[in-house]
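Enquirer: I'm passing along protein06.txt; it holds compact mmCIF, C-alpha atoms.
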```txt
# COMPACT_ATOMS: atom_id res chain seq x y z
CA MET A 24 -34.69 -38.94 -70.61
CA ALA A 25 -32.53 -41.43 -68.78
CA LYS A 26 -33.55 -43.33 -65.70
CA GLU A 27 -32.26 -42.78 -62.16
CA THR A 28 -28.96 -44.54 -62.93
CA GLY A 29 -28.08 -42.09 -65.69
CA ILE A 30 -26.85 -44.87 -68.00
CA ILE A 31 -27.94 -44.19 -71.57
CA SER A 32 -26.55 -44.95 -75.00
CA TRP A 33 -24.26 -42.32 -76.51
CA LYS A 34 -26.70 -42.00 -79.42
CA GLN A 35 -29.27 -40.54 -77.01
CA LEU A 36 -26.93 -37.79 -75.79
CA ASN A 37 -27.80 -34.22 -76.69
CA LEU A 38 -25.46 -32.04 -78.72
CA GLY A 39 -22.71 -30.76 -76.41
CA VAL A 40 -23.94 -33.24 -73.78
CA ALA A 41 -26.36 -30.52 -72.71
CA ILE A 42 -29.15 -31.17 -70.23
CA THR A 43 -32.31 -29.65 -71.66
CA THR A 44 -34.75 -30.22 -68.79
CA PRO A 45 -33.87 -27.84 -65.94
CA GLY A 46 -34.39 -29.05 -62.39
CA ASN A 47 -34.94 -32.71 -63.34
CA ALA A 48 -32.90 -33.90 -60.35
CA ALA A 49 -36.06 -33.45 -58.28
CA GLU A 50 -36.73 -37.11 -59.18
CA LEU A 51 -33.56 -38.08 -57.36
CA ARG A 52 -34.40 -39.62 -53.99
CA THR A 53 -31.92 -38.15 -51.52
CA GLY A 54 -34.21 -38.98 -48.59
CA ASP A 55 -32.67 -42.45 -48.20
CA TRP A 56 -29.35 -40.89 -47.05
CA ARG A 57 -31.04 -39.95 -43.81
CA SER A 58 -30.65 -41.65 -40.44
CA GLN A 59 -32.78 -39.17 -38.47
CA ARG A 60 -35.86 -37.33 -39.65
CA PRO A 61 -37.14 -33.93 -38.51
CA GLU A 62 -40.67 -33.79 -37.11
CA THR A 63 -42.46 -30.50 -36.49
CA ASP A 64 -44.76 -30.00 -33.53
CA LEU A 65 -47.41 -27.78 -35.13
CA GLU A 66 -48.67 -26.59 -31.74
CA THR A 67 -45.33 -25.02 -30.80
CA CYS A 68 -44.54 -23.81 -34.35
CA THR A 69 -44.80 -20.04 -34.80
CA LYS A 70 -44.56 -20.15 -38.64
CA CYS A 71 -41.40 -18.03 -38.54
CA GLY A 72 -39.91 -19.83 -41.55
CA MET A 73 -36.35 -20.30 -40.24
CA CYS A 74 -36.43 -23.97 -41.31
CA TYR A 75 -37.51 -22.94 -44.81
CA ILE A 76 -34.71 -20.38 -45.05
CA PHE A 77 -31.84 -22.51 -43.79
CA CYS A 78 -32.76 -25.92 -45.23
CA PRO A 79 -29.93 -26.79 -47.65
CA ASP A 80 -32.14 -29.23 -49.54
CA MET A 81 -35.20 -27.03 -50.08
CA VAL A 82 -37.50 -29.63 -48.49
CA TYR A 83 -39.76 -27.17 -46.65
CA SER A 84 -42.80 -25.71 -48.35
CA LYS A 85 -45.72 -23.73 -47.03
CA ASN A 86 -49.08 -25.47 -46.67
CA ASP A 87 -52.52 -23.81 -46.77
CA GLU A 88 -52.44 -23.00 -43.05
CA GLY A 89 -49.06 -21.26 -43.32
CA PHE A 90 -47.00 -24.00 -41.67
CA TYR A 91 -43.75 -25.11 -43.29
CA ILE A 92 -43.92 -28.84 -43.93
CA GLN A 93 -41.01 -31.07 -44.87
CA ASN A 94 -40.86 -33.40 -47.86
CA TYR A 95 -39.18 -36.63 -46.72
CA TYR A 96 -38.43 -37.70 -50.29
CA HIS A 97 -35.53 -35.21 -50.37
CA CYS A 98 -34.65 -34.57 -46.70
CA LYS A 99 -31.08 -35.74 -45.96
CA GLY A 100 -31.59 -35.43 -42.19
CA CYS A 101 -28.80 -32.93 -41.50
CA GLY A 102 -30.67 -31.42 -38.53
CA ILE A 103 -30.07 -27.73 -39.36
CA CYS A 104 -33.84 -27.03 -39.12
CA ALA A 105 -34.07 -28.54 -35.63
CA LYS A 106 -31.00 -26.61 -34.48
CA GLU A 107 -32.08 -23.26 -35.97
CA CYS A 108 -35.73 -23.44 -34.85
CA PRO A 109 -36.08 -20.58 -32.31
CA VAL A 110 -38.91 -22.29 -30.38
CA ASP A 111 -37.55 -25.88 -30.61
CA ALA A 112 -40.64 -27.11 -32.42
CA ILE A 113 -38.62 -29.51 -34.58
CA THR A 114 -37.17 -32.71 -33.11
CA MET A 115 -34.94 -35.24 -34.84
CA VAL A 116 -36.42 -38.75 -34.65
CA GLN A 117 -34.38 -41.87 -35.35
CA GLU A 118 -35.40 -43.67 -38.55
CA GLU A 119 -36.39 -47.26 -37.87
CA ASN A 120 -35.15 -48.94 -41.02
CA MET B 15 -31.07 -1.64 -49.32
CA SER B 16 -32.31 -4.51 -47.28
CA THR B 17 -35.21 -6.86 -47.69
CA ALA B 18 -37.07 -8.95 -45.13
CA ILE B 19 -35.99 -12.50 -45.68
CA LEU B 20 -39.48 -13.98 -46.06
CA ASP B 21 -40.47 -11.32 -48.61
CA LEU B 22 -37.88 -12.52 -51.11
CA PRO B 23 -39.07 -13.89 -54.45
CA GLU B 24 -40.57 -17.34 -53.95
CA LYS B 25 -39.42 -18.57 -57.34
CA GLU B 26 -36.63 -21.11 -56.85
CA TYR B 27 -33.88 -21.63 -59.40
CA ILE B 28 -32.52 -24.63 -57.62
CA MET B 29 -34.66 -27.68 -57.01
CA PRO B 30 -34.35 -30.39 -54.35
CA GLY B 31 -32.34 -33.49 -55.24
CA THR B 32 -28.86 -31.96 -55.10
CA ARG B 33 -25.96 -34.33 -54.51
CA THR B 34 -24.22 -32.17 -51.91
CA CYS B 35 -23.40 -33.71 -48.53
CA ALA B 36 -26.05 -33.42 -45.81
CA GLY B 37 -25.68 -30.08 -44.03
CA CYS B 38 -23.71 -28.38 -46.83
CA GLY B 39 -23.69 -24.59 -46.59
CA LEU B 40 -23.34 -24.10 -50.33
CA PRO B 41 -26.97 -24.72 -51.43
CA ILE B 42 -28.23 -22.30 -48.75
CA ALA B 43 -26.17 -19.45 -50.20
CA TYR B 44 -26.56 -20.54 -53.82
CA ARG B 45 -30.33 -20.51 -53.54
CA PHE B 46 -30.40 -16.88 -52.34
CA MET B 47 -27.77 -15.85 -54.89
CA LEU B 48 -29.91 -17.14 -57.75
CA LYS B 49 -33.02 -15.49 -56.28
CA ALA B 50 -31.13 -12.18 -56.35
CA LEU B 51 -29.75 -12.63 -59.87
CA GLY B 52 -32.92 -13.92 -61.49
CA PRO B 53 -33.52 -16.07 -64.58
CA ASN B 54 -31.39 -14.02 -67.01
CA THR B 55 -28.20 -15.44 -65.59
CA ILE B 56 -25.67 -17.74 -67.16
CA MET B 57 -23.16 -19.32 -64.89
CA THR B 58 -19.86 -21.01 -65.51
CA HIS B 59 -18.02 -23.19 -63.04
CA PRO B 60 -15.01 -25.50 -62.94
CA ALA B 61 -14.73 -28.87 -61.22
CA CYS B 62 -15.61 -28.16 -57.59
CA CYS B 63 -18.29 -28.89 -55.00
CA LEU B 64 -20.63 -26.81 -57.17
CA THR B 65 -20.29 -29.43 -59.90
CA ILE B 66 -21.54 -31.97 -57.37
CA LEU B 67 -24.46 -29.67 -56.63
CA HIS B 68 -25.15 -29.25 -60.35
CA GLY B 69 -25.44 -33.01 -60.58
CA MET B 70 -24.31 -35.89 -62.71
CA TYR B 71 -25.48 -36.20 -66.30
CA PRO B 72 -28.38 -36.41 -67.19
CA LYS B 73 -29.77 -34.90 -64.00
CA THR B 74 -29.43 -31.36 -62.73
CA PRO B 75 -31.24 -29.54 -59.93
CA VAL B 76 -30.59 -26.04 -61.30
CA GLY B 77 -33.00 -24.02 -63.40
CA ILE B 78 -30.57 -21.59 -65.04
CA ASN B 79 -28.09 -21.99 -67.89
CA ALA B 80 -24.76 -23.36 -66.76
CA VAL B 81 -21.47 -24.18 -68.44
CA ASN B 82 -18.92 -26.67 -67.13
CA ASN B 83 -15.28 -25.94 -67.81
CA THR B 84 -11.79 -26.82 -66.69
CA PHE B 85 -10.21 -25.84 -63.39
CA ALA B 86 -8.00 -22.92 -64.35
CA SER B 87 -10.31 -21.30 -66.88
CA THR B 88 -13.42 -20.16 -64.97
CA ALA B 89 -12.80 -16.45 -65.49
CA ALA B 90 -11.57 -17.01 -69.08
CA SER B 91 -14.80 -18.83 -69.88
CA ALA B 92 -16.83 -16.03 -68.27
CA ALA B 93 -14.90 -13.44 -70.29
CA GLY B 94 -15.84 -15.36 -73.47
CA LEU B 95 -19.50 -15.48 -72.46
CA ALA B 96 -19.51 -11.75 -71.63
CA ALA B 97 -17.90 -10.94 -75.00
CA GLY B 98 -20.48 -13.10 -76.79
CA PHE B 99 -23.41 -11.38 -75.10
CA LYS B 100 -21.90 -7.96 -75.85
CA ALA B 101 -21.48 -8.88 -79.54
CA THR B 102 -25.04 -10.19 -79.89
CA GLY B 103 -26.56 -7.45 -77.73
CA GLN B 104 -28.19 -9.79 -75.23
CA ASP B 105 -28.77 -8.79 -71.65
CA PHE B 106 -27.48 -11.60 -69.45
CA THR B 107 -25.68 -11.56 -66.13
CA VAL B 108 -22.53 -13.65 -66.37
CA LEU B 109 -21.76 -15.41 -63.12
CA ALA B 110 -18.53 -17.32 -62.62
CA MET B 111 -18.29 -19.36 -59.47
CA ALA B 112 -15.37 -21.43 -58.25
CA GLY B 113 -14.14 -22.90 -55.01
CA ASP B 114 -11.12 -21.72 -53.08
CA GLY B 115 -8.80 -24.14 -54.92
CA GLY B 116 -10.15 -23.00 -58.27
CA THR B 117 -9.66 -19.35 -57.27
CA PHE B 118 -6.80 -19.01 -54.78
CA ASP B 119 -4.58 -21.62 -56.46
CA MET B 120 -5.47 -22.49 -60.03
CA GLY B 121 -7.88 -19.83 -61.24
CA ILE B 122 -5.84 -16.80 -60.20
CA GLN B 123 -4.22 -16.01 -63.57
CA ALA B 124 -7.47 -16.15 -65.56
CA LEU B 125 -9.27 -14.11 -62.88
CA SER B 126 -6.47 -11.55 -62.69
CA GLY B 127 -6.53 -11.18 -66.49
CA ALA B 128 -10.31 -10.81 -66.63
CA ALA B 129 -10.30 -8.26 -63.79
CA GLU B 130 -7.55 -6.25 -65.51
CA ARG B 131 -9.58 -6.18 -68.75
CA GLU B 132 -12.58 -4.99 -66.69
CA THR B 133 -14.72 -7.83 -68.02
CA ASP B 134 -18.39 -7.32 -67.17
CA PHE B 135 -19.07 -10.31 -64.92
CA ILE B 136 -19.61 -11.43 -61.32
CA TYR B 137 -16.94 -13.73 -59.93
CA VAL B 138 -17.82 -15.63 -56.79
CA CYS B 139 -15.22 -17.49 -54.80
CA TYR B 140 -16.99 -19.77 -52.36
CA ASP B 141 -14.42 -20.59 -49.77
CA ASN B 142 -14.62 -23.82 -47.78
CA GLU B 143 -10.91 -23.67 -47.00
CA ALA B 144 -9.66 -26.86 -48.71
CA TYR B 145 -10.20 -29.03 -51.79
CA MET B 146 -13.40 -30.55 -50.37
CA ASN B 147 -14.71 -32.11 -53.56
CA THR B 148 -11.64 -34.30 -54.11
CA GLY B 149 -11.28 -35.37 -50.47
CA VAL B 150 -10.18 -32.48 -48.22
CA GLN B 151 -6.68 -31.68 -49.49
CA ARG B 152 -4.88 -28.58 -48.32
CA SER B 153 -5.26 -25.44 -50.43
CA SER B 154 -3.76 -21.99 -49.99
CA ALA B 155 -7.05 -20.97 -48.35
CA THR B 156 -6.62 -23.47 -45.50
CA PRO B 157 -5.85 -21.61 -42.25
CA ALA B 158 -2.77 -22.41 -40.16
CA GLY B 159 -3.31 -25.20 -37.65
CA ALA B 160 -5.96 -27.03 -39.69
CA MET B 161 -5.66 -30.71 -40.48
CA THR B 162 -6.52 -31.95 -43.95
CA THR B 163 -5.82 -35.29 -45.60
CA THR B 164 -2.52 -33.91 -46.95
CA THR B 165 -1.56 -32.23 -43.65
CA SER B 166 -2.81 -34.99 -41.36
CA VAL B 167 0.31 -35.60 -39.26
CA VAL B 168 1.57 -32.06 -38.91
CA PRO B 169 -1.25 -29.51 -39.32
CA LYS B 170 -0.79 -26.78 -41.92
CA GLU B 171 1.90 -24.33 -40.79
CA GLN B 172 1.34 -21.46 -43.21
CA SER B 173 -1.52 -19.03 -42.74
CA LYS B 174 -4.31 -18.39 -45.21
CA LYS B 175 -3.57 -16.40 -48.35
CA ASP B 176 -5.16 -12.95 -48.17
CA PHE B 177 -6.86 -13.28 -51.52
CA ILE B 178 -9.38 -10.50 -50.93
CA GLN B 179 -6.47 -8.03 -50.74
CA ILE B 180 -5.11 -9.42 -54.02
CA MET B 181 -8.47 -8.85 -55.66
CA GLU B 182 -8.79 -5.40 -54.11
CA ALA B 183 -5.49 -4.46 -55.74
CA HIS B 184 -7.20 -5.05 -59.12
CA HIS B 185 -9.69 -2.27 -58.21
CA PRO B 186 -12.87 -4.15 -59.21
CA ALA B 187 -16.12 -2.19 -59.62
CA TYR B 188 -17.52 -3.99 -56.57
CA LEU B 189 -15.95 -6.27 -54.02
CA ALA B 190 -17.79 -7.89 -51.15
CA THR B 191 -17.44 -10.65 -48.59
CA THR B 192 -20.37 -12.61 -47.25
CA CYS B 193 -21.21 -15.86 -45.48
CA SER B 194 -23.83 -18.55 -46.09
CA SER B 195 -25.15 -18.25 -42.52
CA TYR B 196 -26.52 -14.77 -43.37
CA PRO B 197 -28.83 -15.37 -46.37
CA GLY B 198 -30.20 -11.82 -46.16
CA ASP B 199 -26.70 -10.41 -46.49
CA VAL B 200 -25.99 -12.78 -49.42
CA TYR B 201 -29.18 -11.66 -51.17
CA ASN B 202 -28.54 -7.95 -50.66
CA LYS B 203 -24.98 -8.13 -51.96
CA PHE B 204 -25.89 -10.06 -55.09
CA ALA B 205 -28.90 -7.85 -55.78
CA LYS B 206 -26.54 -4.87 -55.56
CA ALA B 207 -23.80 -6.51 -57.65
CA ARG B 208 -26.31 -7.34 -60.38
CA ASN B 209 -26.91 -3.67 -61.16
CA ILE B 210 -23.25 -2.67 -61.26
CA LYS B 211 -21.23 -2.80 -64.50
CA GLY B 212 -17.68 -4.13 -64.61
CA THR B 213 -15.84 -6.81 -62.68
CA ARG B 214 -17.50 -7.71 -59.42
CA PHE B 215 -15.80 -10.06 -56.98
CA ILE B 216 -17.64 -11.67 -54.08
CA HIS B 217 -15.98 -13.85 -51.47
CA LEU B 218 -18.50 -16.25 -49.97
CA ALA B 219 -17.50 -18.20 -46.86
CA ILE B 220 -19.09 -21.67 -46.65
CA PRO B 221 -18.73 -23.95 -43.61
CA CYS B 222 -18.19 -27.59 -44.60
CA PRO B 223 -19.22 -30.28 -42.07
CA THR B 224 -17.38 -33.04 -43.94
CA GLY B 225 -14.03 -31.31 -44.18
CA TRP B 226 -14.06 -29.22 -41.03
CA GLY B 227 -15.17 -32.01 -38.73
CA PHE B 228 -18.37 -30.81 -37.04
CA HIS B 229 -21.91 -32.15 -36.88
CA THR B 230 -24.09 -31.42 -39.93
CA ARG B 231 -26.62 -29.56 -37.76
CA ASP B 232 -24.00 -26.93 -36.81
CA THR B 233 -23.31 -25.55 -40.31
CA VAL B 234 -25.23 -22.33 -39.78
CA LYS B 235 -23.93 -21.94 -36.23
CA ILE B 236 -20.26 -22.29 -37.27
CA GLY B 237 -20.74 -19.61 -39.95
CA ARG B 238 -22.30 -17.29 -37.37
CA LEU B 239 -19.47 -17.96 -34.90
CA ALA B 240 -16.89 -17.17 -37.59
CA VAL B 241 -18.55 -13.80 -38.18
CA GLU B 242 -19.11 -13.10 -34.47
CA SER B 243 -15.43 -13.72 -33.72
CA ALA B 244 -14.40 -11.60 -36.77
CA ILE B 245 -12.60 -14.45 -38.55
CA ILE B 246 -14.92 -13.63 -41.43
CA VAL B 247 -15.87 -9.97 -41.72
CA LEU B 248 -18.90 -8.95 -43.78
CA TYR B 249 -18.02 -5.87 -45.80
CA GLU B 250 -18.12 -4.35 -49.26
CA VAL B 251 -15.65 -2.15 -51.11
CA GLU B 252 -16.65 0.39 -53.74
CA LYS B 253 -14.17 2.93 -55.14
CA GLY B 254 -11.70 2.10 -52.35
CA GLU B 255 -14.23 2.78 -49.59
CA VAL B 256 -14.83 0.01 -47.09
CA ARG B 257 -18.32 -0.35 -45.65
CA LEU B 258 -19.12 -2.96 -43.02
CA THR B 259 -22.52 -4.62 -43.35
CA GLY B 260 -24.97 -6.69 -41.32
CA LYS B 261 -23.64 -8.40 -38.22
CA SER B 262 -20.11 -7.01 -38.65
CA LEU B 263 -21.48 -3.46 -38.67
CA SER B 264 -23.43 -4.03 -35.45
CA MET B 265 -20.32 -5.64 -33.90
CA ALA B 266 -18.24 -2.60 -34.84
CA LYS B 267 -20.85 -0.30 -33.25
CA SER B 268 -21.21 -2.30 -30.05
CA GLY B 269 -17.53 -3.26 -29.80
CA ARG B 270 -18.51 -6.80 -28.79
CA ARG B 271 -16.55 -9.64 -30.32
CA LYS B 272 -16.15 -13.28 -29.32
CA PRO B 273 -12.70 -14.85 -28.87
CA VAL B 274 -11.75 -17.38 -31.56
CA ASP B 275 -11.60 -20.32 -29.09
CA GLU B 276 -15.24 -21.32 -29.39
CA TYR B 277 -15.00 -21.43 -33.19
CA LEU B 278 -11.77 -23.48 -33.10
CA ASN B 279 -12.97 -25.92 -30.41
CA MET B 280 -16.10 -26.87 -32.34
CA GLN B 281 -14.12 -28.22 -35.28
CA GLY B 282 -12.24 -31.50 -35.57
CA ARG B 283 -9.71 -30.09 -38.02
CA PHE B 284 -8.19 -27.78 -35.34
CA ARG B 285 -7.78 -30.43 -32.62
CA LYS B 286 -3.98 -30.60 -32.99
CA MET B 287 -3.56 -26.84 -32.65
CA THR B 288 -1.07 -25.79 -29.96
CA SER B 289 -1.83 -22.90 -27.62
CA ALA B 290 0.87 -20.82 -29.35
CA GLN B 291 -0.90 -21.38 -32.67
CA VAL B 292 -4.26 -20.38 -31.16
CA GLU B 293 -2.66 -17.21 -29.82
CA GLU B 294 -1.17 -16.45 -33.23
CA PHE B 295 -4.58 -17.09 -34.87
CA GLN B 296 -6.23 -14.66 -32.45
CA LYS B 297 -3.52 -12.08 -33.08
CA GLN B 298 -3.95 -12.27 -36.86
CA THR B 299 -7.75 -12.06 -36.50
CA ASP B 300 -7.41 -8.98 -34.27
CA LYS B 301 -5.05 -7.31 -36.72
CA HIS B 302 -7.36 -7.96 -39.68
CA TRP B 303 -10.43 -6.70 -37.77
CA GLU B 304 -8.72 -3.54 -36.53
CA GLU B 305 -7.41 -2.76 -40.02
CA LEU B 306 -10.94 -3.06 -41.44
CA LEU B 307 -12.40 -0.98 -38.60
CA ARG B 308 -9.85 1.73 -39.33
CA ARG B 309 -10.62 1.68 -43.04
CA ALA B 310 -14.38 1.75 -42.39
CA GLY B 311 -13.94 4.81 -40.19
CA PHE B 312 -14.62 3.37 -36.73
```
As structure tokens, please, write out the structure in this file.
Expert:
Amino acid sequence: MAKETGIISWKQLNLGVAITTPGNAAELRTGDWRSQRPETDLETCTKCGMCYIFCPDMVYSKNDEGFYIQNYYHCKGCGICAKECPVDAITMVQEEN
Amino acid sequence: MSTAILDLPEKEYIMPGTRTCAGCGLPIAYRFMLKALGPNTIMTHPACCLTILHGMYPKTPVGINAVNNTFASTAASAAGLAAGFKATGQDFTVLAMAGDGGTFDMGIQALSGAAERETDFIYVCYDNEAYMNTGVQRSSATPAGAMTTTTSVVPKEQSKKDFIQIMEAHHPAYLATTCSSYPGDVYNKFAKARNIKGTRFIHLAIPCPTGWGFHTRDTVKIGRLAVESAIIVLYEVEKGEVRLTGKSLSMAKSGRRKPVDEYLNMQGRFRKMTSAQVEEFQKQTDKHWEELLRRAGF
């Protein structure tokens, strides 16, 4: 399969230019689009899962303790989770680089 | 039928790494749609924001079968897929999904034909009220008073095409409207549509931070405001009977409804709206809401 750039020779294309590995865009790093990152205060968090429901980039997943933890590799920093959090446990922190 | 939102199937058919803009409402709704429809779904879509979501070759974040086709032929392509599955006796849900440009403007003849032939498929029009994918050009779904890149000096003067009424006139087996800010409502409607035979049309309202001019964090809030001020009404139509659902049903019962001002003021695209236009917008919203209330028996 092609690298991140997607540039491959036409001889390597599948019949009908079909993609045969579903969900392979998970390798795509969309986290570097972000200028602010969400940080969860686990002491305030009530594990309600609103961030998990409304995240447009599916970056939240449940850990063993039941908290929803973000994956910064894919987070685009839109801030929906921080806005929708009913107990304001998520704050948006400026990225340094 | 309603399901608690956290009890929904955990299996995801859309993976992270989508190329949609930050704060896009489309993946939120799309994720719950696919959860409701399950793995035996084949979807067909034209060039639209959904193509951006589906990714650039050779990468795709989706885990179901999908077909790309041309702008005007979404419903025609779906009709072909449905005929193929009928001929080979396979049990697949055919989902056609296009934006407002690909439905209201270009896709209307193919969709009208497919609906008339009672093709067994689900057609979803996700409506972000302009051609967002190509750079926010005006479409017939753009409301009056909105600025787009093609109506940047004088905002659009014509009001939005009432496409849901056009589709209702085709008497589809199921017709529903929903909004990405209510994932539970999205899930319930698609789970219901899945088990109905015949043409099913679902209008899905999607707020777009890039085109509408609001902060990415407000996507869900704008969708909620649109429903709370009855600009978007959540309802379903079966055999000519209108039934309000979710938030719209509780609004009809309580009689509480927000004025449209808050919704309009939050968006950059409405900043050139005159007070007469705002008044006209409110009047049209009131008329639409009262008509639906009457039909739903309130």
Enquirer: Would you list the contacts of Met146 in chain B as number ranges by chain, taking every protein, DNA or RNA residue within 12 Å and counting all atoms listed in the file, but skipping same-chain residues closer than 5 positions in sequence?
Expert: B: 34-35, 38, 40, 61-66, 113-116, 140-141, 151-153, 155-156, 162-164, 220-227
Enquirer: Go through B:Thr117, B:Asn82, B:Thr74, B:Thr288 one by one, measure the shortest atom-to-atom distance of each to chain A using only C-alpha atoms, and give the residue with the smallest value.
Expert: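 Closest to chain A, using only C-alpha atoms: B:Thr74.
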Enquirer: Identify, on the basis of all atoms listed in the file, every residue whose closest approach to Glu276 in chain B does not exceed 12 Å; exclude the query and any residue fewer than 6 positions from it along the same chain; express the result as a PyMOL selection string.
Expert: chain B and resi 235-236+238-240+242-243+245+284+292+296
Enquirer: For Ile103 in chain A, which residue among A:Gly72, A:Gly39, A:Gly89, A:Pro61 is the nearest when counting only C-alpha atoms?
Expert: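 Distance minimum relative to Ile103 in chain A lands on A:Pro61.
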Enquirer: I'd like the interatomic distance between CA of Trp56 in chain A and CA of Gly69 in chain B, to a tenth of an Å.
Expert: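 We find that CA of Trp56 in chain A and CA of Gly69 in chain B lie 16.1 Å from each other.
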Enquirer: Set the cut-off to 9 Å and count all atoms listed in the file: what are the residues of chain B that reach chain A? Output as a VMD selection string.
Expert: chain B and resid 19 to 20 27 to 43 45 69 to 79 195 197 229 to 235
Enquirer: Looking at all atoms listed in the file, which of B:Met161, B:Met181, B:Leu189, B:Val241 is the one that sits closest to Lys261 in chain B?
Expert: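 Using all atoms listed in the file, the shortest distance to Lys261 in chain B belongs to B:Val241.
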Enquirer: Please measure the separation of CA of Tyr91 in chain A and CA of Leu218 in chain B, giving the value in Å to one decimal.
Expert: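 Separating CA of Tyr91 in chain A from CA of Leu218 in chain B is a distance of 27.6 Å.
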Enquirer: For a test of reading the model, state the distance in Å between CA of Asp111 in chain A and CA of Thr69 in chain A, rounded to one decimal.
Expert: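 Distance between the two atoms: 10.2 Å.
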Enquirer: Which neighbours of Glu118 in chain A fall inside 8 Å, counting all atoms listed in the file, when residues of the same chain fewer than 4 positions from it are skipped, and could you give them as a VMD selection string?
Expert: chain A and resid 57 to 60
Enquirer: Let me know the centre plus edge lengths, in Å and rounded to one decimal, of a box with edges along x, y and z that contains all listed atoms of range 88-98 of chain A and is padded by 5 Å on every side, as JSON.
Expert:
```
{"center_x": -43.5, "center_y": -29.5, "center_z": -46.0, "size_x": 27.8, "size_y": 26.4, "size_z": 18.7}
```
Enquirer: I'd like the neighbourhood of Glu252 in chain B as a PyMOL selection string, where a residue qualifies if any of its atoms comes within 12 Å (using all atoms listed in the file), though same-chain residues fewer than 6 positions away should be ignored.
Expert: chain B and resi 182+185-190+206-207+210+212-215+258+310
Enquirer: Taking (-18.8, -11.7, -45.6) in the file's coordinates, which residues come within 8 Å, counting only C-alpha atoms, written as a list in words?
Expert: Ala190, Thr191, Thr192, Cys193, His217, Leu218, Ala219, Val241, Ile246, Val247, Leu248 and Tyr249 of chain B
Enquirer: Using only C-alpha atoms, please write the residues we just selected to a file, as a PDB file, in the frame of the given file.
Expert:
```
ATOM      1  CA  ALA B 190     -17.790  -7.890 -51.150  1.00  0.00           C
ATOM      2  CA  THR B 191     -17.440 -10.650 -48.590  1.00  0.00           C
ATOM      3  CA  THR B 192     -20.370 -12.610 -47.250  1.00  0.00           C
ATOM      4  CA  CYS B 193     -21.210 -15.860 -45.480  1.00  0.00           C
ATOM      5  CA  HIS B 217     -15.980 -13.850 -51.470  1.00  0.00           C
ATOM      6  CA  LEU B 218     -18.500 -16.250 -49.970  1.00  0.00           C
ATOM      7  CA  ALA B 219     -17.500 -18.200 -46.860  1.00  0.00           C
ATOM      8  CA  VAL B 241     -18.550 -13.800 -38.180  1.00  0.00           C
ATOM      9  CA  ILE B 246     -14.920 -13.630 -41.430  1.00  0.00           C
ATOM     10  CA  VAL B 247     -15.870  -9.970 -41.720  1.00  0.00           C
ATOM     11  CA  LEU B 248     -18.900  -8.950 -43.780  1.00  0.00           C
ATOM     12  CA  TYR B 249     -18.020  -5.870 -45.800  1.00  0.00           C
TER      13      TYR B 249
END
```
Enquirer: Let me make sure I understand: among A:Gln35, A:Lys70, A:Asp64, A:Ile113, which one has the smallest atom-to-atom distance to Ser84 in chain A if we use all atoms listed in the file?
Expert: A:Lys70
Enquirer: Taking the partial coordinates given, rebuild range 34-42 of chain A to contain N, CA, C and O atoms; return it as a compact mmCIF listing (two decimals), in the coordinates of the input.
Expert:
```txt
# COMPACT_ATOMS: atom_id res chain seq x y z
N LYS A 34 -25.86 -42.54 -78.33
CA LYS A 34 -26.70 -42.00 -79.42
C LYS A 34 -27.83 -41.12 -78.89
O LYS A 34 -28.38 -40.29 -79.60
N GLN A 35 -28.18 -41.33 -77.60
CA GLN A 35 -29.27 -40.54 -77.01
C GLN A 35 -28.78 -39.23 -76.41
O GLN A 35 -29.58 -38.42 -75.96
N LEU A 36 -27.45 -39.01 -76.39
CA LEU A 36 -26.93 -37.79 -75.79
C LEU A 36 -27.29 -36.57 -76.64
O LEU A 36 -27.31 -36.65 -77.86
N ASN A 37 -27.53 -35.46 -75.96
CA ASN A 37 -27.80 -34.22 -76.69
C ASN A 37 -26.50 -33.64 -77.22
O ASN A 37 -25.42 -33.98 -76.75
N LEU A 38 -26.63 -32.73 -78.17
CA LEU A 38 -25.46 -32.04 -78.72
C LEU A 38 -24.76 -31.27 -77.59
O LEU A 38 -25.41 -30.57 -76.82
N GLY A 39 -23.46 -31.42 -77.48
CA GLY A 39 -22.71 -30.76 -76.41
C GLY A 39 -22.97 -31.36 -75.05
O GLY A 39 -22.67 -30.75 -74.03
N VAL A 40 -23.56 -32.56 -75.01
CA VAL A 40 -23.94 -33.24 -73.78
C VAL A 40 -24.72 -32.28 -72.86
O VAL A 40 -24.52 -32.23 -71.65
N ALA A 41 -25.58 -31.50 -73.48
CA ALA A 41 -26.36 -30.52 -72.71
C ALA A 41 -27.56 -31.20 -72.06
O ALA A 41 -28.12 -32.14 -72.61
N ILE A 42 -27.92 -30.71 -70.89
CA ILE A 42 -29.15 -31.17 -70.23
C ILE A 42 -30.23 -30.15 -70.58
O ILE A 42 -30.04 -28.96 -70.34
```
